[in-house]
Amino acid sequence: MGNWFSNFIPFDQPIILHGVSFRTPEHLYQALKATNIEDVIIIAACETPGNAKRLGYKIKCKSDWNEIKVDCMEYVIDKQFTITSIQGQKLINSKGLIVELNYWHDNFWGDCTCKKCENIKGQNNLGKILERKREELINKIFKAEAETGGEK
């Protein structure tokens, strides 16, 4: 499937939240963990999504982060995959099960393929969110076509 759904791929247009601009979904997701605007601004300014991710591990997270992180990822995915975005079009045109295979032991968002995790079934929460988003986008297209009689 490739890496087209990665949170490291820049948004088509930066996302502005509370007056702060975010270049990538990873920057936005990591900033959503923050408990103060200073950390949000520092994360947004990180040169790379990898740097934003590493900083996200170091900042003080919201006390309910484990309870809200899936909702936050859904918010990020909503911003990343729109009907008019390049990534949204790729998602709409994708087929079948979406699984975030990885080798870094992330069995919450994906399914780790390393030897250490071979007997662990990943929860694949990111894949499930992407599949729901794909269905939502396809339904929007069908609804728009039904309302216009199929005219573009």
# chains A, B, ... in the order shown; residues from 1 in each chain; ligands from 1

call {"tool": "select_by_dssp", "arguments": {"residues": "chain A", "states": "strand (DSSP E or B)", "output": "list in words"}}
result
Ile15, Ile16, Leu17, Val20, Ser21, Phe22, Ala34, Cys61, Leu101, Asn102, Asp111 and Cys112 of chain A

call {"tool": "write_last_selection", "arguments": {"atoms": "N, CA and C atoms", "output": "compact mmCIF listing (two decimals), in the first residue's frame"}}
result
# COMPACT_ATOMS: atom_id res chain seq x y z
N ILE A 15 -2.68 23.47 8.55
CA ILE A 15 -3.88 23.54 9.39
C ILE A 15 -3.61 24.56 10.50
N ILE A 16 -4.55 25.47 10.68
CA ILE A 16 -4.43 26.48 11.73
C ILE A 16 -5.37 26.10 12.86
N LEU A 17 -4.82 25.99 14.06
CA LEU A 17 -5.61 25.68 15.24
C LEU A 17 -5.18 26.63 16.36
N VAL A 20 -2.22 28.76 15.60
CA VAL A 20 -0.93 28.11 15.37
C VAL A 20 -1.04 27.27 14.10
N SER A 21 -0.02 27.35 13.25
CA SER A 21 0.00 26.64 11.97
C SER A 21 0.75 25.31 12.10
N PHE A 22 0.14 24.26 11.54
CA PHE A 22 0.73 22.92 11.57
C PHE A 22 0.95 22.42 10.15
N ALA A 34 -0.48 18.43 24.35
CA ALA A 34 0.10 19.46 25.22
C ALA A 34 -0.90 20.04 26.20
N CYS A 61 1.79 15.61 29.08
CA CYS A 61 0.55 15.32 28.33
C CYS A 61 -0.67 15.60 29.18
N LEU A 101 1.21 -1.59 9.19
CA LEU A 101 2.27 -2.52 9.58
C LEU A 101 3.50 -1.72 9.97
N ASN A 102 4.16 -2.14 11.03
CA ASN A 102 5.35 -1.43 11.48
C ASN A 102 6.31 -2.42 12.11
N ASP A 111 0.11 -2.81 13.65
CA ASP A 111 0.42 -4.21 13.90
C ASP A 111 1.91 -4.39 13.63
N CYS A 112 2.68 -4.61 14.69
CA CYS A 112 4.13 -4.76 14.55
C CYS A 112 4.45 -6.12 13.95

call {"tool": "residues_around", "arguments": {"residues": "region 134-138 of chain A", "least_positions_apart": "5", "cutoff": "10 Å", "atoms": "only C-alpha atoms", "output": "list in words"}}
result
Asp78, Phe81, Thr82, Ile83, Gly88, Gln89, Lys90, Leu91, Ile92, Asn93, Ser94, Lys95, Lys128, Ile129, Lys143 and Ala144 of chain A

call {"tool": "select_by_dssp", "arguments": {"residues": "chain A", "states": "helix (DSSP H, G or I)", "output": "MDAnalysis selection string"}}
result
chainID A and resid 25:31 37:45 49:58 65:80 86:93 115:117 125:148

call {"tool": "residues_around", "arguments": {"residues": "Ala44 (chain A)", "least_positions_apart": "4", "cutoff": "12 Å", "atoms": "only C-alpha atoms", "output": "PyMOL selection string"}}
result
chain A and resi 14-32+34+37-40+48-53+55-56
